[in-house]
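Asker: Contents are mmCIF, C-alpha atoms; file name target29.cif:
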```cif
data_final
loop_
_atom_site.group_PDB
_atom_site.id
_atom_site.type_symbol
_atom_site.label_atom_id
_atom_site.label_comp_id
_atom_site.auth_asym_id
_atom_site.auth_seq_id
_atom_site.Cartn_x
_atom_site.Cartn_y
_atom_site.Cartn_z
ATOM 1 C CA MET A 1 -53.251 62.889 70.131
ATOM 2 C CA SER A 2 -51.018 60.002 71.119
ATOM 3 C CA SER A 3 -47.982 60.114 73.381
ATOM 4 C CA THR A 4 -45.879 60.050 70.191
ATOM 5 C CA ILE A 5 -46.504 63.779 69.814
ATOM 6 C CA VAL A 6 -45.279 64.328 73.351
ATOM 7 C CA SER A 7 -41.955 62.683 72.594
ATOM 8 C CA ARG A 8 -41.685 64.517 69.315
ATOM 9 C CA GLY A 9 -42.488 67.759 71.003
ATOM 10 C CA ARG A 10 -39.747 67.160 73.520
ATOM 11 C CA SER A 11 -37.238 66.225 70.853
ATOM 12 C CA ILE A 12 -37.766 69.506 69.003
ATOM 13 C CA ALA A 13 -36.942 71.570 72.046
ATOM 14 C CA SER A 14 -33.287 71.575 71.144
ATOM 15 C CA MET A 15 -34.289 73.801 68.242
ATOM 16 C CA GLY A 16 -33.578 76.473 70.796
ATOM 17 C CA ILE A 17 -30.078 76.468 69.380
ATOM 18 C CA ALA A 18 -31.564 78.228 66.372
ATOM 19 C CA ALA A 19 -32.717 80.951 68.703
ATOM 20 C CA ALA A 20 -29.157 82.106 69.165
ATOM 21 C CA LEU A 21 -28.722 82.223 65.417
ATOM 22 C CA ALA A 22 -28.937 85.528 63.631
ATOM 23 C CA ALA A 23 -29.232 87.732 66.628
ATOM 24 C CA SER A 24 -27.961 90.458 64.332
ATOM 25 C CA LEU A 25 -29.354 89.055 61.112
ATOM 26 C CA ALA A 26 -31.263 92.132 60.034
ATOM 27 C CA PRO A 27 -28.928 95.050 59.438
ATOM 28 C CA LYS A 28 -30.860 98.330 59.406
ATOM 29 C CA ALA A 29 -33.982 96.527 60.621
ATOM 30 C CA HIS A 30 -33.691 97.111 64.347
ATOM 31 C CA ALA A 31 -33.165 100.005 66.730
ATOM 32 C CA ASP A 32 -29.905 101.136 68.279
ATOM 33 C CA GLU A 33 -26.761 102.164 66.421
ATOM 34 C CA GLY A 34 -27.226 102.030 62.659
ATOM 35 C CA GLY A 35 -30.655 100.516 63.239
ATOM 36 C CA VAL A 36 -29.062 97.220 64.352
ATOM 37 C CA ALA A 37 -29.903 95.334 67.557
ATOM 38 C CA PHE A 38 -28.532 92.102 68.990
ATOM 39 C CA TRP A 39 -31.936 90.425 69.324
ATOM 40 C CA LEU A 40 -33.744 89.301 66.187
ATOM 41 C CA SER A 41 -37.468 89.207 66.937
ATOM 42 C CA GLY A 42 -39.237 85.972 66.028
ATOM 43 C CA GLN A 43 -36.371 83.618 66.733
ATOM 44 C CA PHE A 44 -38.191 81.883 69.617
ATOM 45 C CA GLY A 45 -41.330 79.998 68.549
ATOM 46 C CA SER A 46 -43.542 76.975 69.116
ATOM 47 C CA LEU A 47 -42.473 74.287 71.619
ATOM 48 C CA ILE A 48 -39.431 76.327 72.683
ATOM 49 C CA ALA A 49 -39.673 75.507 76.407
ATOM 50 C CA ILE A 50 -40.167 71.717 76.103
ATOM 51 C CA PRO A 51 -37.129 69.736 77.358
ATOM 52 C CA GLY A 52 -35.214 67.894 74.659
ATOM 53 C CA ALA A 53 -33.915 64.336 74.687
ATOM 54 C CA PRO A 54 -30.264 63.957 75.841
ATOM 55 C CA GLY A 55 -27.559 63.959 73.192
ATOM 56 C CA TRP A 56 -26.196 65.943 70.267
ATOM 57 C CA SER A 57 -28.396 67.951 67.945
ATOM 58 C CA ALA A 58 -27.955 70.195 64.916
ATOM 59 C CA THR A 59 -29.958 73.078 63.509
ATOM 60 C CA GLY A 60 -29.843 74.786 60.135
ATOM 61 C CA LEU A 61 -31.646 77.971 59.184
ATOM 62 C CA ALA A 62 -32.390 80.044 56.105
ATOM 63 C CA TYR A 63 -33.612 83.607 56.647
ATOM 64 C CA TYR A 64 -34.689 86.388 54.317
ATOM 65 C CA SER A 65 -35.651 89.917 55.332
ATOM 66 C CA SER A 66 -36.614 93.050 53.413
ATOM 67 C CA VAL A 67 -37.023 96.338 55.304
ATOM 68 C CA LYS A 68 -37.338 100.019 54.515
ATOM 69 C CA ALA A 69 -37.411 103.343 56.357
ATOM 70 C CA GLY A 70 -38.458 106.575 54.663
ATOM 71 C CA GLY A 71 -36.217 109.584 54.162
ATOM 72 C CA GLY A 72 -37.718 111.264 57.202
ATOM 73 C CA GLN A 73 -36.137 108.633 59.488
ATOM 74 C CA GLN A 74 -32.492 108.987 60.524
ATOM 75 C CA PHE A 75 -30.070 106.396 61.921
ATOM 76 C CA PRO A 76 -26.648 107.086 63.521
ATOM 77 C CA GLN A 77 -23.737 104.887 62.508
ATOM 78 C CA GLY A 78 -19.953 105.272 62.536
ATOM 79 C CA GLY A 79 -20.047 108.968 63.414
ATOM 80 C CA GLN A 80 -22.473 109.762 60.598
ATOM 81 C CA VAL A 81 -26.259 109.991 60.344
ATOM 82 C CA HIS A 82 -27.991 108.137 57.487
ATOM 83 C CA ALA A 83 -31.484 109.033 56.260
ATOM 84 C CA GLY A 84 -33.907 106.725 54.470
ATOM 85 C CA LEU A 85 -32.568 103.181 54.837
ATOM 86 C CA ASP A 86 -33.426 100.166 52.683
ATOM 87 C CA ALA A 87 -31.999 96.660 53.225
ATOM 88 C CA ASP A 88 -32.347 93.107 51.902
ATOM 89 C CA LEU A 89 -30.741 90.222 53.748
ATOM 90 C CA SER A 90 -30.294 86.543 52.868
ATOM 91 C CA VAL A 91 -28.428 84.283 55.297
ATOM 92 C CA ILE A 92 -27.960 80.656 56.188
ATOM 93 C CA GLY A 93 -26.783 79.380 59.543
ATOM 94 C CA PHE A 94 -25.780 76.191 61.284
ATOM 95 C CA GLY A 95 -25.025 75.193 64.847
ATOM 96 C CA PRO A 96 -24.487 72.115 67.038
ATOM 97 C CA GLY A 97 -26.069 71.703 70.444
ATOM 98 C CA TYR A 98 -25.913 69.245 73.307
ATOM 99 C CA THR A 99 -28.559 68.345 75.908
ATOM 100 C CA PHE A 100 -27.089 66.751 79.040
ATOM 101 C CA ASP A 101 -28.375 63.514 80.564
ATOM 102 C CA THR A 102 -28.594 65.091 84.009
ATOM 103 C CA THR A 103 -30.510 67.814 85.825
ATOM 104 C CA ILE A 104 -29.683 71.145 87.422
ATOM 105 C CA LEU A 105 -32.262 72.398 89.924
ATOM 106 C CA GLY A 106 -34.571 69.786 88.445
ATOM 107 C CA GLY A 107 -34.202 71.180 84.928
ATOM 108 C CA SER A 108 -32.671 69.758 81.759
ATOM 109 C CA PRO A 109 -29.522 71.725 80.775
ATOM 110 C CA SER A 110 -28.314 72.353 77.227
ATOM 111 C CA LEU A 111 -25.511 74.256 75.514
ATOM 112 C CA SER A 112 -25.120 75.427 71.920
ATOM 113 C CA VAL A 113 -23.224 77.759 69.641
ATOM 114 C CA VAL A 114 -24.149 78.885 66.143
ATOM 115 C CA GLY A 115 -22.709 80.863 63.280
ATOM 116 C CA LEU A 116 -23.961 82.248 59.998
ATOM 117 C CA ALA A 117 -22.989 83.443 56.553
ATOM 118 C CA GLY A 118 -24.884 85.403 53.968
ATOM 119 C CA LYS A 119 -25.402 88.478 51.848
ATOM 120 C CA VAL A 120 -26.746 91.888 52.799
ATOM 121 C CA LYS A 121 -27.449 94.881 50.563
ATOM 122 C CA ALA A 122 -28.141 98.208 52.277
ATOM 123 C CA SER A 123 -28.707 101.679 50.897
ATOM 124 C CA ALA A 124 -29.338 105.161 52.279
ATOM 125 C CA GLU A 125 -31.033 108.089 50.558
ATOM 126 C CA ALA A 126 -28.576 110.542 52.092
ATOM 127 C CA THR A 127 -25.732 110.808 54.599
ATOM 128 C CA LEU A 128 -25.963 113.744 56.989
ATOM 129 C CA THR A 129 -23.546 115.335 59.435
ATOM 130 C CA GLY A 130 -23.439 118.177 61.946
ATOM 131 C CA PRO A 131 -25.955 119.301 64.563
ATOM 132 C CA ASN A 132 -28.266 120.778 61.903
ATOM 133 C CA GLY A 133 -28.225 117.647 59.759
ATOM 134 C CA GLY A 134 -26.503 119.235 56.783
ATOM 135 C CA GLN A 135 -26.257 116.886 53.805
ATOM 136 C CA ILE A 136 -22.761 115.827 52.765
ATOM 137 C CA SER A 137 -23.582 113.082 50.262
ATOM 138 C CA GLY A 138 -26.415 111.639 48.197
ATOM 139 C CA GLN A 139 -27.641 108.079 47.773
ATOM 140 C CA ARG A 140 -25.242 105.337 48.820
ATOM 141 C CA THR A 141 -25.407 101.539 48.527
ATOM 142 C CA ASP A 142 -23.200 98.853 50.097
ATOM 143 C CA THR A 143 -23.259 95.094 49.502
ATOM 144 C CA LEU A 144 -21.493 92.506 51.668
ATOM 145 C CA VAL A 145 -21.050 88.746 51.393
ATOM 146 C CA GLY A 146 -19.459 87.348 54.541
ATOM 147 C CA VAL A 147 -19.884 85.801 57.960
ATOM 148 C CA GLY A 148 -21.582 86.966 61.135
ATOM 149 C CA ASP A 149 -20.839 86.831 64.843
ATOM 150 C CA LEU A 150 -20.912 83.708 67.029
ATOM 151 C CA TYR A 151 -23.858 83.146 69.387
ATOM 152 C CA PRO A 152 -23.415 80.822 72.386
ATOM 153 C CA MET A 153 -26.470 79.883 74.454
ATOM 154 C CA ALA A 154 -27.130 77.984 77.696
ATOM 155 C CA ALA A 155 -30.631 76.933 78.751
ATOM 156 C CA LEU A 156 -32.515 75.040 81.472
ATOM 157 C CA ARG A 157 -35.920 73.473 80.749
ATOM 158 C CA TRP A 158 -38.532 71.889 83.038
ATOM 159 C CA ASN A 159 -41.619 69.782 82.297
ATOM 160 C CA ALA A 160 -44.720 69.486 84.507
ATOM 161 C CA GLY A 161 -47.434 67.722 82.522
ATOM 162 C CA VAL A 162 -48.806 70.084 79.880
ATOM 163 C CA ASN A 163 -46.713 72.949 81.291
ATOM 164 C CA ASN A 164 -43.094 73.547 80.288
ATOM 165 C CA PHE A 165 -40.685 76.261 81.424
ATOM 166 C CA MET A 166 -37.315 77.547 80.246
ATOM 167 C CA THR A 167 -34.679 80.031 81.336
ATOM 168 C CA TYR A 168 -31.758 80.931 79.106
ATOM 169 C CA VAL A 169 -28.653 83.093 78.710
ATOM 170 C CA MET A 170 -27.337 84.024 75.271
ATOM 171 C CA GLY A 171 -24.359 86.075 74.128
ATOM 172 C CA ASP A 172 -22.751 87.723 71.130
ATOM 173 C CA ILE A 173 -19.066 87.144 70.342
ATOM 174 C CA PRO A 174 -18.285 89.966 67.856
ATOM 175 C CA VAL A 175 -16.117 88.170 65.309
ATOM 176 C CA GLY A 176 -18.279 88.761 62.219
ATOM 177 C CA ASP A 177 -17.632 91.041 59.254
ATOM 178 C CA TYR A 178 -18.013 94.615 60.495
ATOM 179 C CA GLN A 179 -16.713 98.055 59.562
ATOM 180 C CA PRO A 180 -18.118 101.147 61.304
ATOM 181 C CA ASP A 181 -18.258 103.256 58.141
ATOM 182 C CA ARG A 182 -19.994 100.584 56.033
ATOM 183 C CA LEU A 183 -23.777 100.459 55.607
ATOM 184 C CA ALA A 184 -23.894 96.672 55.140
ATOM 185 C CA ASN A 185 -22.561 94.534 57.997
ATOM 186 C CA LEU A 186 -23.110 90.978 59.208
ATOM 187 C CA GLY A 187 -21.549 91.615 62.634
ATOM 188 C CA ILE A 188 -22.759 94.224 65.121
ATOM 189 C CA GLY A 189 -19.326 95.453 66.233
ATOM 190 C CA HIS A 190 -19.843 94.918 69.957
ATOM 191 C CA GLY A 191 -20.614 92.241 72.532
ATOM 192 C CA ALA A 192 -24.033 91.668 74.098
ATOM 193 C CA ILE A 193 -25.701 89.407 76.636
ATOM 194 C CA ASP A 194 -29.361 88.441 76.696
ATOM 195 C CA GLY A 195 -31.366 86.462 79.249
ATOM 196 C CA GLY A 196 -34.984 85.579 79.810
ATOM 197 C CA LEU A 197 -37.805 83.118 80.433
ATOM 198 C CA ALA A 198 -40.148 81.052 78.271
ATOM 199 C CA TYR A 199 -43.310 78.995 78.747
ATOM 200 C CA THR A 200 -44.951 76.364 76.549
ATOM 201 C CA TYR A 201 -48.398 74.860 77.041
ATOM 202 C CA PHE A 202 -48.727 71.628 75.069
ATOM 203 C CA ASN A 203 -51.710 69.270 75.368
ATOM 204 C CA PRO A 204 -51.161 66.131 73.263
ATOM 205 C CA GLN A 205 -54.779 65.087 73.706
ATOM 206 C CA SER A 206 -56.236 68.217 72.138
ATOM 207 C CA GLY A 207 -53.233 68.920 69.941
ATOM 208 C CA ASN A 208 -53.115 72.540 71.075
ATOM 209 C CA GLU A 209 -49.864 74.386 71.802
ATOM 210 C CA PHE A 210 -48.985 77.893 72.970
ATOM 211 C CA SER A 211 -45.533 79.365 73.640
ATOM 212 C CA ILE A 212 -44.351 82.735 74.902
ATOM 213 C CA ALA A 213 -40.822 83.978 75.597
ATOM 214 C CA SER A 214 -39.487 87.264 76.910
ATOM 215 C CA GLY A 215 -36.034 88.619 77.656
ATOM 216 C CA LEU A 216 -33.747 91.596 78.148
ATOM 217 C CA THR A 217 -30.582 92.511 76.244
ATOM 218 C CA TYR A 218 -27.600 94.390 77.692
ATOM 219 C CA ASN A 219 -25.290 95.807 75.027
ATOM 220 C CA PHE A 220 -21.614 96.606 75.569
ATOM 221 C CA GLU A 221 -20.125 99.731 74.022
ATOM 222 C CA ASN A 222 -18.941 99.599 70.435
ATOM 223 C CA PRO A 223 -15.184 100.391 70.759
ATOM 224 C CA ASP A 224 -14.990 101.641 67.164
ATOM 225 C CA THR A 225 -17.704 104.283 67.535
ATOM 226 C CA ASN A 226 -18.036 104.910 71.298
ATOM 227 C CA TYR A 227 -21.751 104.098 70.937
ATOM 228 C CA GLN A 228 -23.615 101.983 73.482
ATOM 229 C CA ASN A 229 -27.079 100.699 72.651
ATOM 230 C CA GLY A 230 -29.687 100.844 75.417
ATOM 231 C CA ILE A 231 -31.350 97.924 77.208
ATOM 232 C CA ASP A 232 -33.828 96.140 74.943
ATOM 233 C CA SER A 233 -36.888 94.038 75.819
ATOM 234 C CA HIS A 234 -38.517 91.489 73.536
ATOM 235 C CA PHE A 235 -41.524 89.152 73.481
ATOM 236 C CA ASP A 236 -42.064 86.256 71.058
ATOM 237 C CA VAL A 237 -45.371 84.343 70.936
ATOM 238 C CA ALA A 238 -46.596 81.331 68.962
ATOM 239 C CA ALA A 239 -49.769 79.236 68.922
ATOM 240 C CA SER A 240 -50.516 76.144 66.854
ATOM 241 C CA HIS A 241 -52.767 73.112 66.463
ATOM 242 C CA PHE A 242 -51.607 69.639 65.435
ATOM 243 C CA LEU A 243 -53.574 68.410 62.427
ATOM 244 C CA SER A 244 -51.837 65.042 62.781
ATOM 245 C CA GLN A 245 -48.895 63.586 64.651
ATOM 246 C CA GLN A 246 -46.586 65.105 62.041
ATOM 247 C CA VAL A 247 -48.095 68.482 61.087
ATOM 248 C CA HIS A 248 -49.066 71.567 63.066
ATOM 249 C CA VAL A 249 -50.201 74.998 61.843
ATOM 250 C CA GLY A 250 -50.764 78.285 63.592
ATOM 251 C CA ALA A 251 -49.736 81.894 64.072
ATOM 252 C CA VAL A 252 -46.655 83.712 65.376
ATOM 253 C CA GLY A 253 -45.949 87.224 66.582
ATOM 254 C CA TYR A 254 -43.456 89.475 68.348
ATOM 255 C CA TYR A 255 -43.120 92.786 70.162
ATOM 256 C CA TYR A 256 -39.800 94.604 70.587
ATOM 257 C CA GLN A 257 -39.338 97.633 72.818
ATOM 258 C CA GLN A 258 -36.166 99.504 73.758
ATOM 259 C CA LEU A 259 -36.327 100.382 77.464
ATOM 260 C CA THR A 260 -33.372 102.731 77.963
ATOM 261 C CA GLY A 261 -31.777 105.197 75.597
ATOM 262 C CA ASP A 262 -28.557 104.857 73.658
ATOM 263 C CA SER A 263 -25.486 106.560 75.132
ATOM 264 C CA GLY A 264 -21.864 107.441 74.476
ATOM 265 C CA SER A 265 -20.203 110.163 72.443
ATOM 266 C CA GLY A 266 -21.348 108.491 69.221
ATOM 267 C CA ALA A 267 -25.051 108.679 70.136
ATOM 268 C CA THR A 268 -25.620 111.908 68.207
ATOM 269 C CA LEU A 269 -29.401 111.446 67.989
ATOM 270 C CA GLY A 270 -29.890 111.065 71.742
ATOM 271 C CA ASP A 271 -31.918 108.244 73.304
ATOM 272 C CA PHE A 272 -33.100 106.820 69.953
ATOM 273 C CA LYS A 273 -35.507 104.329 71.606
ATOM 274 C CA SER A 274 -37.526 102.103 69.307
ATOM 275 C CA ARG A 275 -40.292 99.533 69.034
ATOM 276 C CA ILE A 276 -41.791 97.154 66.468
ATOM 277 C CA PHE A 277 -44.604 94.598 66.152
ATOM 278 C CA GLY A 278 -44.764 91.564 63.874
ATOM 279 C CA VAL A 279 -47.409 88.910 63.057
ATOM 280 C CA GLY A 280 -47.704 86.031 60.607
ATOM 281 C CA PRO A 281 -48.471 82.342 59.937
ATOM 282 C CA GLN A 282 -46.463 79.192 60.573
ATOM 283 C CA ILE A 283 -46.428 75.508 59.625
ATOM 284 C CA GLY A 284 -44.301 72.742 61.130
ATOM 285 C CA TYR A 285 -43.639 69.143 60.069
ATOM 286 C CA PHE A 286 -41.963 66.289 61.952
ATOM 287 C CA VAL A 287 -40.185 63.642 59.886
ATOM 288 C CA PRO A 288 -38.290 60.473 60.979
ATOM 289 C CA ALA A 289 -34.555 60.521 60.309
ATOM 290 C CA GLY A 290 -33.207 57.102 61.282
ATOM 291 C CA ASP A 291 -32.260 57.122 64.949
ATOM 292 C CA MET A 292 -32.874 60.881 65.043
ATOM 293 C CA GLN A 293 -35.947 63.088 64.781
ATOM 294 C CA GLY A 294 -36.194 65.697 62.027
ATOM 295 C CA TYR A 295 -38.310 68.816 62.085
ATOM 296 C CA VAL A 296 -38.994 71.560 59.533
ATOM 297 C CA ASN A 297 -40.690 74.868 60.342
ATOM 298 C CA LEU A 298 -41.667 77.704 57.997
ATOM 299 C CA LYS A 299 -42.903 81.025 59.375
ATOM 300 C CA GLY A 300 -43.178 84.606 58.223
ATOM 301 C CA PHE A 301 -43.777 88.016 59.788
ATOM 302 C CA TYR A 302 -45.267 91.277 58.597
ATOM 303 C CA GLU A 303 -43.983 94.229 60.645
ATOM 304 C CA PHE A 304 -45.902 97.326 61.731
ATOM 305 C CA GLY A 305 -45.915 100.055 64.385
ATOM 306 C CA ALA A 306 -42.225 100.863 63.897
ATOM 307 C CA GLU A 307 -40.594 103.659 65.859
ATOM 308 C CA ASN A 308 -36.946 104.642 65.203
ATOM 309 C CA ARG A 309 -36.348 101.624 63.011
ATOM 310 C CA ALA A 310 -37.122 100.273 59.574
ATOM 311 C CA GLU A 311 -40.007 97.865 59.026
ATOM 312 C CA GLY A 312 -40.882 95.275 56.395
ATOM 313 C CA TRP A 313 -41.261 91.502 56.346
ATOM 314 C CA ASN A 314 -39.163 88.400 56.978
ATOM 315 C CA VAL A 315 -39.333 84.641 56.398
ATOM 316 C CA TRP A 316 -37.703 81.829 58.399
ATOM 317 C CA LEU A 317 -37.057 78.235 57.300
ATOM 318 C CA THR A 318 -35.666 76.174 60.171
ATOM 319 C CA LEU A 319 -34.483 72.547 60.071
ATOM 320 C CA ALA A 320 -33.607 70.597 63.224
ATOM 321 C CA LEU A 321 -32.116 67.170 63.777
ATOM 322 C CA THR A 322 -32.465 65.966 67.383
ATOM 323 C CA PRO A 323 -32.238 62.706 69.357
ATOM 324 C CA LYS A 324 -35.451 60.724 69.649
ATOM 325 C CA ALA A 325 -36.976 60.674 73.115
ATOM 326 C CA GLY A 326 -36.230 57.446 74.944
ATOM 327 C CA LYS A 327 -33.048 56.692 73.000
#
```
Render the structure in this file as structure tokens.

Answerer:
Amino acid sequence: MSSTIVSRGRSIASMGIAAALAASLAPKAHADEGGVAFWLSGQFGSLIAIPGAPGWSATGLAYYSSVKAGGGQQFPQGGQVHAGLDADLSVIGFGPGYTFDTTILGGSPSLSVVGLAGKVKASAEATLTGPNGGQISGQRTDTLVGVGDLYPMAALRWNAGVNNFMTYVMGDIPVGDYQPDRLANLGIGHGAIDGGLAYTYFNPQSGNEFSIASGLTYNFENPDTNYQNGIDSHFDVAASHFLSQQVHVGAVGYYYQQLTGDSGSGATLGDFKSRIFGVGPQIGYFVPAGDMQGYVNLKGFYEFGAENRAEGWNVWLTLALTPKAGK
């Protein structure tokens, strides 16, 4: 592999702005209140820790998810308990980012903010209430077309030969479409802050790459429901091989585990801790775009091992436009 791949690899690093996108993209797919968590597993992937070239960047994303939980699984939301959830979600997102031409503690700093819009359809087999779970209604379906929350992110990245490191802080500004008594939402109804570390091994000579990222999420209380989600942990992994200077293929995976229980007067099901695993393939392609560098990545995940959450599958299509290295 030539040094061209190194520069291209560095230019894609600003795709980290897509990582802040869709932190609540999968209503009824995650743990916590209503089955919704701030962190969307799989959003960090290949080359995530490689420093980007200074300047402005832009990222677009299309995401589709389909998840289901059987009638034996219950999810608290808005003072009610829903049993048997099913959801389909289609969203697009866009966000600008900026990588500074300076260093902080020897690392390359960047800032970004992203937003999203889309459609979600969610249904429940039954709505329950009371300590004995008495049924008060039958099947219910909600559909929403709207906008989601805003997701700012700050990151520092370091390069040391084939080794690259990143630390980041990400937040949720709860301005998206949300109603506590609605099954389908594109906002999560509360603020959150997430921070963590990432590592990327990238050898341009062999064309091999491996990335891993982990973090913790602290959720603020939902003021509409007096429900506070617990502390969540998450791990995203990706490995790939460059078939040429433009194309790489490989595999992706994630593991999500809630560490502390939910709390507040609205947490009628107690701790409600959850976990999920996901695995799938990926393909990425670098393409010149004038004075910029373009990149397209397609990846998908099959979920399994769910506990206190729905499971299914999801597909990501990410497009990034970043400055070329050396410009």

Asker: Hey, can you check how far CA of Glu221 in chain A sits from CA of Trp39 in chain A?

Answerer: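 These atoms are spaced 15.8 Å apart.
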
Asker: Just to confirm, what's the straight-line distance from CA of Tyr201 in chain A to CA of Arg157 in chain A in Å (one decimal)?

Answerer: 13.1 Å

Asker: Report as number ranges by chain all protein, DNA and RNA residues lying within 10 Å of range 143-147 of chain A, evaluated on only C-alpha atoms, omitting residues in the same chain fewer than 4 positions from it.

Answerer: A: 87-93, 115-123, 175-178, 182-187

Asker: Decode the PyMOL selection byres ((chain A and resi 234-245) around 7) for the given file into explicit residues and return them as a PDB file with C-alpha atoms, keeping the file's coordinate frame.

Answerer:
```
ATOM      1  CA  ILE A   5     -46.504  63.779  69.814  1.00  0.00           C
ATOM      2  CA  SER A  41     -37.468  89.207  66.937  1.00  0.00           C
ATOM      3  CA  GLY A  42     -39.237  85.972  66.028  1.00  0.00           C
ATOM      4  CA  PHE A  44     -38.191  81.883  69.617  1.00  0.00           C
ATOM      5  CA  GLY A  45     -41.330  79.998  68.549  1.00  0.00           C
ATOM      6  CA  SER A  46     -43.542  76.975  69.116  1.00  0.00           C
ATOM      7  CA  GLY A 207     -53.233  68.920  69.941  1.00  0.00           C
ATOM      8  CA  ASN A 208     -53.115  72.540  71.075  1.00  0.00           C
ATOM      9  CA  GLU A 209     -49.864  74.386  71.802  1.00  0.00           C
ATOM     10  CA  PHE A 210     -48.985  77.893  72.970  1.00  0.00           C
ATOM     11  CA  SER A 211     -45.533  79.365  73.640  1.00  0.00           C
ATOM     12  CA  ILE A 212     -44.351  82.735  74.902  1.00  0.00           C
ATOM     13  CA  ALA A 213     -40.822  83.978  75.597  1.00  0.00           C
ATOM     14  CA  SER A 214     -39.487  87.264  76.910  1.00  0.00           C
ATOM     15  CA  GLY A 215     -36.034  88.619  77.656  1.00  0.00           C
ATOM     16  CA  LEU A 216     -33.747  91.596  78.148  1.00  0.00           C
ATOM     17  CA  ASP A 232     -33.828  96.140  74.943  1.00  0.00           C
ATOM     18  CA  SER A 233     -36.888  94.038  75.819  1.00  0.00           C
ATOM     19  CA  GLN A 246     -46.586  65.105  62.041  1.00  0.00           C
ATOM     20  CA  VAL A 247     -48.095  68.482  61.087  1.00  0.00           C
ATOM     21  CA  HIS A 248     -49.066  71.567  63.066  1.00  0.00           C
ATOM     22  CA  VAL A 249     -50.201  74.998  61.843  1.00  0.00           C
ATOM     23  CA  GLY A 250     -50.764  78.285  63.592  1.00  0.00           C
ATOM     24  CA  ALA A 251     -49.736  81.894  64.072  1.00  0.00           C
ATOM     25  CA  VAL A 252     -46.655  83.712  65.376  1.00  0.00           C
ATOM     26  CA  GLY A 253     -45.949  87.224  66.582  1.00  0.00           C
ATOM     27  CA  TYR A 254     -43.456  89.475  68.348  1.00  0.00           C
ATOM     28  CA  TYR A 255     -43.120  92.786  70.162  1.00  0.00           C
ATOM     29  CA  TYR A 256     -39.800  94.604  70.587  1.00  0.00           C
ATOM     30  CA  GLN A 257     -39.338  97.633  72.818  1.00  0.00           C
TER      31      GLN A 257
END
```

Asker: Measuring between only C-alpha atoms, which one of A:Val315, A:Leu61, A:Ala320, A:Val296 shows the shortest distance to Gly278 in chain A?

Answerer: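 Closest candidate: A:Val315.
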
Asker: Would you compute the distance between CA of Pro180 in chain A and CA of Ala154 in chain A? Give it in Å to one decimal.

Answerer: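 A separation of 29.8 Å between them.
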